[in-house]
>>> print(open('coords-v3.cif').read())   # mmCIF, N, CA and C atoms
data_upload
loop_
_atom_site.label_atom_id
_atom_site.label_comp_id
_atom_site.auth_asym_id
_atom_site.auth_seq_id
_atom_site.Cartn_x
_atom_site.Cartn_y
_atom_site.Cartn_z
N MET Q 1 -75.89 15.58 -130.25
CA MET Q 1 -76.13 16.77 -129.48
C MET Q 1 -75.58 17.97 -130.22
N GLY Q 2 -76.38 18.95 -130.37
CA GLY Q 2 -75.96 20.13 -131.10
C GLY Q 2 -75.43 21.21 -130.20
N GLY Q 3 -75.54 22.44 -130.65
CA GLY Q 3 -75.04 23.58 -129.90
C GLY Q 3 -75.88 23.90 -128.67
N SER Q 4 -76.99 23.22 -128.47
CA SER Q 4 -77.84 23.51 -127.32
C SER Q 4 -77.57 22.56 -126.15
N ASP Q 5 -76.53 21.77 -126.21
CA ASP Q 5 -76.19 20.85 -125.13
C ASP Q 5 -75.77 21.66 -123.90
N PRO Q 6 -76.53 21.58 -122.81
CA PRO Q 6 -76.21 22.40 -121.64
C PRO Q 6 -75.20 21.76 -120.69
N HIS Q 7 -74.77 20.53 -120.96
CA HIS Q 7 -73.94 19.80 -120.02
C HIS Q 7 -72.47 20.18 -120.11
N ILE Q 8 -71.79 20.01 -118.97
CA ILE Q 8 -70.34 20.13 -118.92
C ILE Q 8 -69.80 18.71 -118.97
N HIS Q 9 -68.85 18.47 -119.85
CA HIS Q 9 -68.32 17.14 -120.14
C HIS Q 9 -66.88 17.02 -119.66
N VAL Q 10 -66.30 15.82 -119.83
CA VAL Q 10 -64.86 15.63 -119.66
C VAL Q 10 -64.30 15.21 -121.01
N GLU Q 11 -63.04 15.58 -121.25
CA GLU Q 11 -62.39 15.14 -122.48
C GLU Q 11 -62.22 13.63 -122.43
N VAL Q 12 -62.20 12.99 -123.57
CA VAL Q 12 -62.03 11.55 -123.63
C VAL Q 12 -60.71 11.14 -122.98
N LYS Q 13 -59.70 11.99 -123.09
CA LYS Q 13 -58.40 11.74 -122.45
C LYS Q 13 -58.34 12.53 -121.15
N VAL Q 14 -59.26 12.28 -120.25
CA VAL Q 14 -59.39 13.05 -119.02
C VAL Q 14 -58.12 12.99 -118.17
N VAL Q 15 -57.42 11.89 -118.18
CA VAL Q 15 -56.21 11.76 -117.38
C VAL Q 15 -55.03 12.45 -118.07
N HIS Q 16 -55.00 12.43 -119.38
CA HIS Q 16 -53.88 13.01 -120.14
C HIS Q 16 -54.38 14.18 -120.98
N GLY Q 17 -55.09 15.11 -120.37
CA GLY Q 17 -55.69 16.22 -121.10
C GLY Q 17 -54.69 17.08 -121.84
N ASP Q 18 -55.13 17.64 -122.95
CA ASP Q 18 -54.27 18.49 -123.76
C ASP Q 18 -53.81 19.73 -123.00
N ALA Q 19 -54.63 20.26 -122.12
CA ALA Q 19 -54.25 21.46 -121.37
C ALA Q 19 -53.05 21.16 -120.48
N ALA Q 20 -53.02 19.98 -119.89
CA ALA Q 20 -51.89 19.61 -119.04
C ALA Q 20 -50.61 19.49 -119.86
N VAL Q 21 -50.71 18.91 -121.04
CA VAL Q 21 -49.55 18.78 -121.93
C VAL Q 21 -49.09 20.17 -122.35
N ARG Q 22 -50.02 21.03 -122.67
CA ARG Q 22 -49.69 22.40 -123.07
C ARG Q 22 -48.95 23.12 -121.95
N ASN Q 23 -49.44 22.99 -120.72
CA ASN Q 23 -48.78 23.64 -119.58
C ASN Q 23 -47.38 23.09 -119.36
N LEU Q 24 -47.21 21.78 -119.51
CA LEU Q 24 -45.89 21.17 -119.35
C LEU Q 24 -44.92 21.70 -120.40
N MET Q 25 -45.36 21.76 -121.65
CA MET Q 25 -44.50 22.27 -122.72
C MET Q 25 -44.13 23.73 -122.47
N ALA Q 26 -45.10 24.52 -122.01
CA ALA Q 26 -44.85 25.93 -121.77
C ALA Q 26 -43.83 26.11 -120.64
N SER Q 27 -43.99 25.34 -119.57
CA SER Q 27 -43.07 25.52 -118.44
C SER Q 27 -41.69 24.92 -118.72
N THR Q 28 -41.63 23.89 -119.54
CA THR Q 28 -40.35 23.25 -119.82
C THR Q 28 -39.57 23.95 -120.93
N PHE Q 29 -40.24 24.24 -122.03
CA PHE Q 29 -39.55 24.73 -123.21
C PHE Q 29 -39.91 26.17 -123.59
N GLY Q 30 -40.89 26.74 -122.93
CA GLY Q 30 -41.32 28.08 -123.30
C GLY Q 30 -42.16 28.10 -124.56
N LEU Q 31 -42.65 26.93 -124.97
CA LEU Q 31 -43.48 26.84 -126.16
C LEU Q 31 -44.95 26.79 -125.75
N VAL Q 32 -45.77 27.53 -126.45
CA VAL Q 32 -47.19 27.52 -126.14
C VAL Q 32 -47.95 27.25 -127.42
N GLY Q 33 -48.62 26.11 -127.46
CA GLY Q 33 -49.44 25.77 -128.61
C GLY Q 33 -50.88 26.14 -128.36
N ASP Q 34 -51.63 26.21 -129.43
CA ASP Q 34 -53.06 26.51 -129.30
C ASP Q 34 -53.81 25.27 -128.85
N LEU Q 35 -54.80 25.48 -128.00
CA LEU Q 35 -55.69 24.39 -127.62
C LEU Q 35 -56.74 24.23 -128.71
N PRO Q 36 -57.25 23.02 -128.88
CA PRO Q 36 -58.25 22.81 -129.92
C PRO Q 36 -59.56 23.50 -129.54
N GLY Q 37 -60.33 23.92 -130.55
CA GLY Q 37 -61.62 24.53 -130.31
C GLY Q 37 -62.66 23.50 -129.92
N LEU Q 38 -62.60 22.33 -130.58
CA LEU Q 38 -63.53 21.24 -130.30
C LEU Q 38 -62.76 20.03 -129.82
N VAL Q 39 -63.34 19.30 -128.87
CA VAL Q 39 -62.72 18.09 -128.34
C VAL Q 39 -63.76 16.97 -128.28
N THR Q 40 -63.28 15.75 -128.32
CA THR Q 40 -64.15 14.59 -128.13
C THR Q 40 -64.26 14.34 -126.64
N THR Q 41 -65.47 14.03 -126.20
CA THR Q 41 -65.73 13.86 -124.77
C THR Q 41 -65.84 12.39 -124.40
N GLY Q 42 -65.91 12.14 -123.10
CA GLY Q 42 -66.04 10.78 -122.59
C GLY Q 42 -67.31 10.10 -123.04
N CYS Q 43 -68.35 10.88 -123.36
CA CYS Q 43 -69.61 10.28 -123.81
C CYS Q 43 -69.66 10.17 -125.34
N GLY Q 44 -68.59 10.62 -126.01
CA GLY Q 44 -68.49 10.43 -127.44
C GLY Q 44 -68.92 11.60 -128.31
N VAL Q 45 -69.41 12.68 -127.74
CA VAL Q 45 -69.79 13.83 -128.55
C VAL Q 45 -68.60 14.78 -128.67
N ARG Q 46 -68.67 15.68 -129.64
CA ARG Q 46 -67.65 16.72 -129.79
C ARG Q 46 -68.27 18.03 -129.34
N VAL Q 47 -67.57 18.69 -128.42
CA VAL Q 47 -68.05 19.96 -127.90
C VAL Q 47 -66.90 20.95 -127.85
N ALA Q 48 -67.24 22.21 -127.63
CA ALA Q 48 -66.22 23.23 -127.45
C ALA Q 48 -65.42 22.90 -126.19
N LEU Q 49 -64.13 23.14 -126.23
CA LEU Q 49 -63.27 22.88 -125.08
C LEU Q 49 -63.79 23.59 -123.83
N ALA Q 50 -64.39 24.76 -124.03
CA ALA Q 50 -64.93 25.52 -122.90
C ALA Q 50 -66.07 24.80 -122.20
N MET Q 51 -66.66 23.79 -122.84
CA MET Q 51 -67.76 23.03 -122.24
C MET Q 51 -67.25 21.75 -121.58
N THR Q 52 -65.95 21.70 -121.25
CA THR Q 52 -65.37 20.54 -120.57
C THR Q 52 -64.68 20.99 -119.30
N SER Q 53 -64.51 20.05 -118.38
CA SER Q 53 -63.78 20.30 -117.15
C SER Q 53 -63.24 18.99 -116.62
N PRO Q 54 -62.03 18.99 -116.05
CA PRO Q 54 -61.50 17.78 -115.42
C PRO Q 54 -61.95 17.66 -113.96
N ARG Q 55 -62.69 18.66 -113.46
CA ARG Q 55 -63.09 18.70 -112.05
C ARG Q 55 -64.43 18.01 -111.85
N PRO Q 56 -64.49 17.05 -110.94
CA PRO Q 56 -65.73 16.29 -110.70
C PRO Q 56 -66.92 17.17 -110.32
N ASP Q 57 -66.68 18.25 -109.58
CA ASP Q 57 -67.79 19.09 -109.14
C ASP Q 57 -68.38 19.94 -110.26
N ARG Q 58 -67.73 19.97 -111.43
CA ARG Q 58 -68.21 20.78 -112.55
C ARG Q 58 -68.91 19.96 -113.63
N VAL Q 59 -68.60 18.67 -113.70
CA VAL Q 59 -69.11 17.83 -114.80
C VAL Q 59 -70.56 17.45 -114.53
N THR Q 60 -71.43 17.76 -115.49
CA THR Q 60 -72.86 17.47 -115.34
C THR Q 60 -73.35 16.34 -116.24
N CYS Q 61 -72.52 15.88 -117.15
CA CYS Q 61 -72.89 14.78 -118.04
C CYS Q 61 -72.60 13.45 -117.34
N LEU Q 62 -73.64 12.68 -117.07
CA LEU Q 62 -73.48 11.41 -116.34
C LEU Q 62 -72.56 10.42 -117.06
N PRO Q 63 -72.73 10.19 -118.38
CA PRO Q 63 -71.81 9.27 -119.05
C PRO Q 63 -70.35 9.75 -118.99
N CYS Q 64 -70.13 11.05 -119.02
CA CYS Q 64 -68.76 11.58 -118.90
C CYS Q 64 -68.21 11.35 -117.50
N ARG Q 65 -69.04 11.49 -116.48
CA ARG Q 65 -68.58 11.23 -115.11
C ARG Q 65 -68.19 9.76 -114.97
N GLU Q 66 -69.01 8.88 -115.53
CA GLU Q 66 -68.70 7.44 -115.47
C GLU Q 66 -67.42 7.14 -116.22
N HIS Q 67 -67.23 7.77 -117.37
CA HIS Q 67 -66.00 7.59 -118.15
C HIS Q 67 -64.79 8.05 -117.34
N ALA Q 68 -64.89 9.23 -116.73
CA ALA Q 68 -63.77 9.77 -115.95
C ALA Q 68 -63.45 8.87 -114.77
N GLN Q 69 -64.47 8.34 -114.13
CA GLN Q 69 -64.24 7.43 -113.00
C GLN Q 69 -63.46 6.21 -113.46
N ARG Q 70 -63.89 5.59 -114.55
CA ARG Q 70 -63.19 4.40 -115.08
C ARG Q 70 -61.75 4.73 -115.45
N GLU Q 71 -61.54 5.86 -116.12
CA GLU Q 71 -60.20 6.23 -116.57
C GLU Q 71 -59.26 6.50 -115.40
N HIS Q 72 -59.74 7.16 -114.37
CA HIS Q 72 -58.89 7.43 -113.21
C HIS Q 72 -58.56 6.14 -112.47
N LEU Q 73 -59.51 5.22 -112.37
CA LEU Q 73 -59.23 3.93 -111.72
C LEU Q 73 -58.23 3.12 -112.54
N ARG Q 74 -58.40 3.12 -113.86
CA ARG Q 74 -57.47 2.40 -114.74
C ARG Q 74 -56.07 2.98 -114.63
N PHE Q 75 -55.97 4.31 -114.62
CA PHE Q 75 -54.68 4.96 -114.54
C PHE Q 75 -54.02 4.70 -113.19
N ALA Q 76 -54.79 4.70 -112.12
CA ALA Q 76 -54.25 4.42 -110.78
C ALA Q 76 -53.62 3.03 -110.73
N ALA Q 77 -54.30 2.05 -111.28
CA ALA Q 77 -53.76 0.68 -111.31
C ALA Q 77 -52.49 0.62 -112.15
N GLU Q 78 -52.48 1.34 -113.28
CA GLU Q 78 -51.32 1.34 -114.16
C GLU Q 78 -50.11 1.99 -113.48
N VAL Q 79 -50.33 3.10 -112.81
CA VAL Q 79 -49.24 3.79 -112.11
C VAL Q 79 -48.65 2.90 -111.03
N GLU Q 80 -49.50 2.26 -110.24
CA GLU Q 80 -49.00 1.37 -109.19
C GLU Q 80 -48.20 0.22 -109.78
N ARG Q 81 -48.71 -0.37 -110.84
CA ARG Q 81 -48.03 -1.50 -111.47
C ARG Q 81 -46.66 -1.06 -112.02
N LEU Q 82 -46.62 0.04 -112.72
CA LEU Q 82 -45.37 0.51 -113.32
C LEU Q 82 -44.37 0.96 -112.27
N SER Q 83 -44.84 1.53 -111.16
CA SER Q 83 -43.91 2.01 -110.13
C SER Q 83 -43.21 0.87 -109.40
N ARG Q 84 -43.77 -0.34 -109.49
CA ARG Q 84 -43.14 -1.50 -108.83
C ARG Q 84 -42.15 -2.23 -109.74
N MET Q 85 -42.07 -1.81 -110.98
CA MET Q 85 -41.17 -2.48 -111.92
C MET Q 85 -39.72 -2.07 -111.66
N PRO Q 86 -38.81 -3.01 -111.80
CA PRO Q 86 -37.38 -2.68 -111.62
C PRO Q 86 -36.95 -1.59 -112.60
N GLY Q 87 -36.22 -0.62 -112.10
CA GLY Q 87 -35.71 0.45 -112.95
C GLY Q 87 -36.68 1.60 -113.16
N SER Q 88 -37.84 1.53 -112.54
CA SER Q 88 -38.81 2.60 -112.70
C SER Q 88 -38.27 3.89 -112.10
N THR Q 89 -38.49 5.01 -112.78
CA THR Q 89 -38.04 6.30 -112.25
C THR Q 89 -38.97 6.82 -111.15
N VAL Q 90 -40.14 6.22 -111.05
CA VAL Q 90 -41.08 6.55 -109.98
C VAL Q 90 -41.11 5.37 -109.04
N GLY Q 91 -40.72 5.59 -107.80
CA GLY Q 91 -40.68 4.50 -106.83
C GLY Q 91 -42.06 4.09 -106.35
N PRO Q 92 -42.14 2.95 -105.68
CA PRO Q 92 -43.43 2.45 -105.20
C PRO Q 92 -44.17 3.42 -104.28
N ALA Q 93 -43.45 4.13 -103.44
CA ALA Q 93 -44.12 5.07 -102.52
C ALA Q 93 -44.78 6.22 -103.29
N ARG Q 94 -44.05 6.78 -104.25
CA ARG Q 94 -44.63 7.86 -105.08
C ARG Q 94 -45.74 7.32 -105.96
N GLY Q 95 -45.59 6.09 -106.42
CA GLY Q 95 -46.63 5.47 -107.23
C GLY Q 95 -47.92 5.29 -106.44
N ARG Q 96 -47.78 4.88 -105.18
CA ARG Q 96 -48.98 4.72 -104.33
C ARG Q 96 -49.66 6.07 -104.09
N LEU Q 97 -48.86 7.13 -103.88
CA LEU Q 97 -49.44 8.46 -103.68
C LEU Q 97 -50.20 8.93 -104.92
N ALA Q 98 -49.59 8.76 -106.09
CA ALA Q 98 -50.24 9.16 -107.33
C ALA Q 98 -51.51 8.33 -107.56
N ALA Q 99 -51.43 7.04 -107.30
CA ALA Q 99 -52.60 6.17 -107.47
C ALA Q 99 -53.71 6.57 -106.51
N ALA Q 100 -53.35 6.91 -105.28
CA ALA Q 100 -54.36 7.33 -104.31
C ALA Q 100 -55.05 8.61 -104.76
N ARG Q 101 -54.30 9.52 -105.36
CA ARG Q 101 -54.89 10.76 -105.86
C ARG Q 101 -55.90 10.46 -106.97
N HIS Q 102 -55.54 9.56 -107.87
CA HIS Q 102 -56.46 9.23 -108.96
C HIS Q 102 -57.66 8.43 -108.47
N ARG Q 103 -57.46 7.59 -107.49
CA ARG Q 103 -58.61 6.86 -106.91
C ARG Q 103 -59.56 7.83 -106.21
N ASP Q 104 -58.99 8.85 -105.57
CA ASP Q 104 -59.83 9.87 -104.94
C ASP Q 104 -60.63 10.63 -106.00
N LEU Q 105 -59.98 10.97 -107.10
CA LEU Q 105 -60.71 11.63 -108.18
C LEU Q 105 -61.82 10.73 -108.72
N ALA Q 106 -61.52 9.45 -108.88
CA ALA Q 106 -62.55 8.50 -109.36
C ALA Q 106 -63.72 8.46 -108.39
N ARG Q 107 -63.43 8.44 -107.09
CA ARG Q 107 -64.50 8.43 -106.08
C ARG Q 107 -65.32 9.71 -106.16
N ARG Q 108 -64.66 10.84 -106.37
CA ARG Q 108 -65.38 12.10 -106.46
C ARG Q 108 -66.26 12.15 -107.70
N PHE Q 109 -65.81 11.57 -108.81
CA PHE Q 109 -66.68 11.49 -109.99
C PHE Q 109 -67.88 10.59 -109.71
N SER Q 110 -67.66 9.52 -108.98
CA SER Q 110 -68.74 8.60 -108.60
C SER Q 110 -69.72 9.29 -107.65
N ASP Q 111 -69.19 9.99 -106.64
CA ASP Q 111 -70.04 10.70 -105.68
C ASP Q 111 -70.89 11.77 -106.39
N ALA Q 112 -70.30 12.46 -107.34
CA ALA Q 112 -71.03 13.49 -108.07
C ALA Q 112 -72.18 12.87 -108.84
N ALA Q 113 -72.01 11.64 -109.31
CA ALA Q 113 -73.05 10.97 -110.10
C ALA Q 113 -74.23 10.59 -109.22
N GLU Q 114 -73.99 10.40 -107.92
CA GLU Q 114 -75.05 9.95 -107.02
C GLU Q 114 -75.88 11.12 -106.46
N GLU Q 115 -75.40 12.35 -106.65
CA GLU Q 115 -76.11 13.50 -106.09
C GLU Q 115 -77.36 13.81 -106.86
#
>>> encode(input="coords-v3.cif", output="C-alpha coordinates")
Amino acid sequence: MGGSDPHIHVEVKVVHGDAAVRNLMASTFGLVGDLPGLVTTGCGVRVALAMTSPRPDRVTCLPCREHAQREHLRFAAEVERLSRMPGSTVGPARGRLAAARHRDLARRFSDAAEE
(Lines of atoms letter the chains of each structure in order from A and count residues from 1; the text may use other names and numbers.)
(Lines give C-alpha, C1' and ligand atoms only; values in the text may rest on other atoms or scores of the structure.)
Protein backbone atom coordinates (compact mmCIF):
# COMPACT_ATOMS: atom_id res chain seq x y z
CA MET A 1 0.00 0.00 0.00
CA GLY A 2 1.41 3.31 -1.01
CA GLY A 3 0.66 6.87 -0.06
CA SER A 4 -2.91 6.53 -1.32
CA ASP A 5 -4.02 4.15 1.46
CA PRO A 6 -7.17 5.79 2.87
CA HIS A 7 -7.47 3.52 5.92
CA ILE A 8 -6.80 4.32 9.55
CA HIS A 9 -4.70 1.57 11.13
CA VAL A 10 -3.47 0.50 14.57
CA GLU A 11 0.18 0.24 15.50
CA VAL A 12 1.48 -3.30 15.72
CA LYS A 13 2.10 -2.64 19.43
CA VAL A 14 -1.44 -1.37 19.98
CA VAL A 15 -1.39 -2.22 23.70
CA HIS A 16 2.09 -0.78 24.32
CA GLY A 17 2.01 2.16 21.90
CA ASP A 18 4.95 4.52 21.65
CA ALA A 19 2.74 7.53 22.41
CA ALA A 20 1.82 6.05 25.78
CA VAL A 21 5.49 5.44 26.60
CA ARG A 22 6.32 8.97 25.52
CA ASN A 23 3.60 10.41 27.78
CA LEU A 24 4.82 8.31 30.72
CA MET A 25 8.41 9.49 30.26
CA ALA A 26 7.29 13.10 29.95
CA SER A 27 5.16 13.00 33.10
CA THR A 28 7.72 11.04 35.13
CA PHE A 29 11.05 12.52 34.09
CA GLY A 30 10.20 15.63 32.09
CA LEU A 31 11.78 14.05 29.02
CA VAL A 32 10.03 14.28 25.68
CA GLY A 33 11.25 12.20 22.78
CA ASP A 34 10.17 12.47 19.19
CA LEU A 35 7.53 10.10 17.91
CA PRO A 36 8.44 8.15 14.78
CA GLY A 37 7.17 9.44 11.44
CA LEU A 38 6.39 5.94 10.15
CA VAL A 39 5.13 2.97 12.15
CA THR A 40 4.39 -0.67 11.41
CA THR A 41 0.72 -1.50 11.66
CA GLY A 42 -1.26 -4.53 12.77
CA CYS A 43 -1.81 -5.49 9.13
CA GLY A 44 1.92 -5.31 8.42
CA VAL A 45 2.20 -2.13 6.36
CA ARG A 46 4.19 0.97 7.32
CA VAL A 47 2.22 4.19 7.44
CA ALA A 48 2.56 7.67 8.87
CA LEU A 49 1.83 7.75 12.60
CA ALA A 50 -0.95 10.23 11.83
CA MET A 51 -2.76 7.42 9.95
CA THR A 52 -3.06 5.29 13.11
CA SER A 53 -5.36 5.34 16.11
CA PRO A 54 -5.76 3.16 19.22
CA ARG A 55 -9.51 3.97 19.27
CA PRO A 56 -11.85 1.30 17.86
CA ASP A 57 -14.27 3.87 16.43
CA ARG A 58 -11.49 5.40 14.28
CA VAL A 59 -9.81 2.31 12.81
CA THR A 60 -11.06 1.47 9.31
CA CYS A 61 -8.58 -1.27 8.36
CA LEU A 62 -10.26 -4.64 9.03
CA PRO A 63 -7.01 -6.64 9.51
CA CYS A 64 -5.82 -3.97 11.98
CA ARG A 65 -9.08 -4.19 13.93
CA GLU A 66 -8.70 -7.97 14.11
CA HIS A 67 -5.08 -7.57 15.23
CA ALA A 68 -6.08 -5.07 17.94
CA GLN A 69 -8.84 -7.37 19.17
CA ARG A 70 -6.41 -10.31 19.51
CA GLU A 71 -3.76 -8.17 21.23
CA HIS A 72 -6.18 -6.73 23.78
CA LEU A 73 -7.54 -10.20 24.59
CA ARG A 74 -4.01 -11.59 24.93
CA PHE A 75 -2.98 -8.71 27.17
CA ALA A 76 -6.10 -9.08 29.34
CA ALA A 77 -5.29 -12.75 29.98
CA GLU A 78 -1.65 -11.88 30.74
CA VAL A 79 -2.59 -9.13 33.22
CA GLU A 80 -4.99 -11.43 35.06
CA ARG A 81 -2.43 -14.22 35.21
CA LEU A 82 0.37 -11.96 36.45
CA SER A 83 -1.84 -10.20 39.02
CA ARG A 84 -2.52 -13.55 40.72
CA MET A 85 1.16 -14.37 41.15
CA PRO A 86 2.65 -14.10 44.64
CA GLY A 87 4.49 -10.83 45.12
CA SER A 88 2.77 -9.06 42.25
CA THR A 89 2.61 -5.29 42.69
CA VAL A 90 -0.81 -5.34 41.03
CA GLY A 91 -3.35 -7.24 43.09
CA PRO A 92 -6.00 -9.57 41.66
CA ALA A 93 -8.78 -6.98 41.98
CA ARG A 94 -6.84 -4.35 40.02
CA GLY A 95 -5.77 -7.02 37.55
CA ARG A 96 -9.41 -7.96 36.92
CA LEU A 97 -10.31 -4.30 36.36
CA ALA A 98 -7.47 -3.80 33.89
CA ALA A 99 -8.33 -7.06 32.11
CA ALA A 100 -11.98 -6.03 31.88
CA ARG A 101 -10.97 -2.74 30.28
CA HIS A 102 -8.88 -4.53 27.66
CA ARG A 103 -11.62 -7.09 27.00
CA ASP A 104 -14.02 -4.20 26.47
CA LEU A 105 -11.61 -2.64 23.99
CA ALA A 106 -11.32 -6.01 22.22
CA ARG A 107 -15.12 -6.23 22.02
CA ARG A 108 -15.31 -2.70 20.63
CA PHE A 109 -12.75 -3.56 17.93
CA SER A 110 -14.84 -6.64 17.11
CA ASP A 111 -18.10 -4.63 17.06
CA ALA A 112 -16.53 -2.06 14.75
CA ALA A 113 -15.58 -4.85 12.34
CA GLU A 114 -19.20 -6.02 12.12
CA GLU A 115 -20.63 -2.61 11.19
>>> select_by_dssp(input="coords-v3.cif", residues="chain Q", states="strand (DSSP E)", output="MDAnalysis selection string")
chainID Q and resid 38:40 46:48
>>> atom_distance(input="coords-v3.cif", atom1="atom N of Q:Ala98", atom2="atom N of Q:Arg55")
18.0 Å
>>> residues_around(input="coords-v3.cif", residues="Q:Ala68", least_positions_apart="3", cutoff="7 Å", atoms="only N, CA and C atoms", output="count of residues only")
11
>>> closest_residue(input="coords-v3.cif", among="Q:Val32, Q:Val10, Q:Arg103, Q:Gly37", to="Q:Arg74", atoms="only N, CA and C atoms")
Q:Arg103
>>> residues_around(input="coords-v3.cif", residues="Q:Ile8", least_positions_apart="2", cutoff="8 Å", atoms="all atoms listed in the file", output="PyMOL selection string")
chain Q and resi 5-6+10-11+50-53+58-62+64-65
>>> resolve_selection(input="coords-v3.cif", expression="the PyMOL selection byres (((chain Q and resi 40 and name CA) around 10) and name CA)", output="VMD selection string")
chain Q and resid 9 to 13 38 to 39 41 to 49 52
>>> atom_distance(input="coords-v3.cif", atom1="atom CA of Q:Ser83", atom2="atom CA of Q:His102")
14.5 Å
>>> select_by_dssp(input="coords-v3.cif", residues="chain Q", states="alpha helix (DSSP H)", output="JSON, numbers by chain")
{"Q": [18, 19, 20, 21, 22, 23, 24, 25, 26, 27, 28, 29, 62, 63, 64, 65, 66, 67, 68, 69, 70, 71, 72, 73, 74, 75, 76, 77, 78, 79, 80, 81, 82, 83, 92, 93, 94, 95, 96, 97, 98, 99, 100, 101, 102, 103, 104, 105, 106, 107, 108, 109, 110, 111, 112, 113, 114]}
>>> atom_distance(input="coords-v3.cif", atom1="atom CA of Q:Glu78", atom2="atom N of Q:Ser27")
25.7 Å
>>> closest_residue(input="coords-v3.cif", among="Q:Arg101, Q:His16, Q:Arg94, Q:Arg107", to="Q:Arg70", atoms="only C-alpha atoms")
Q:Arg107
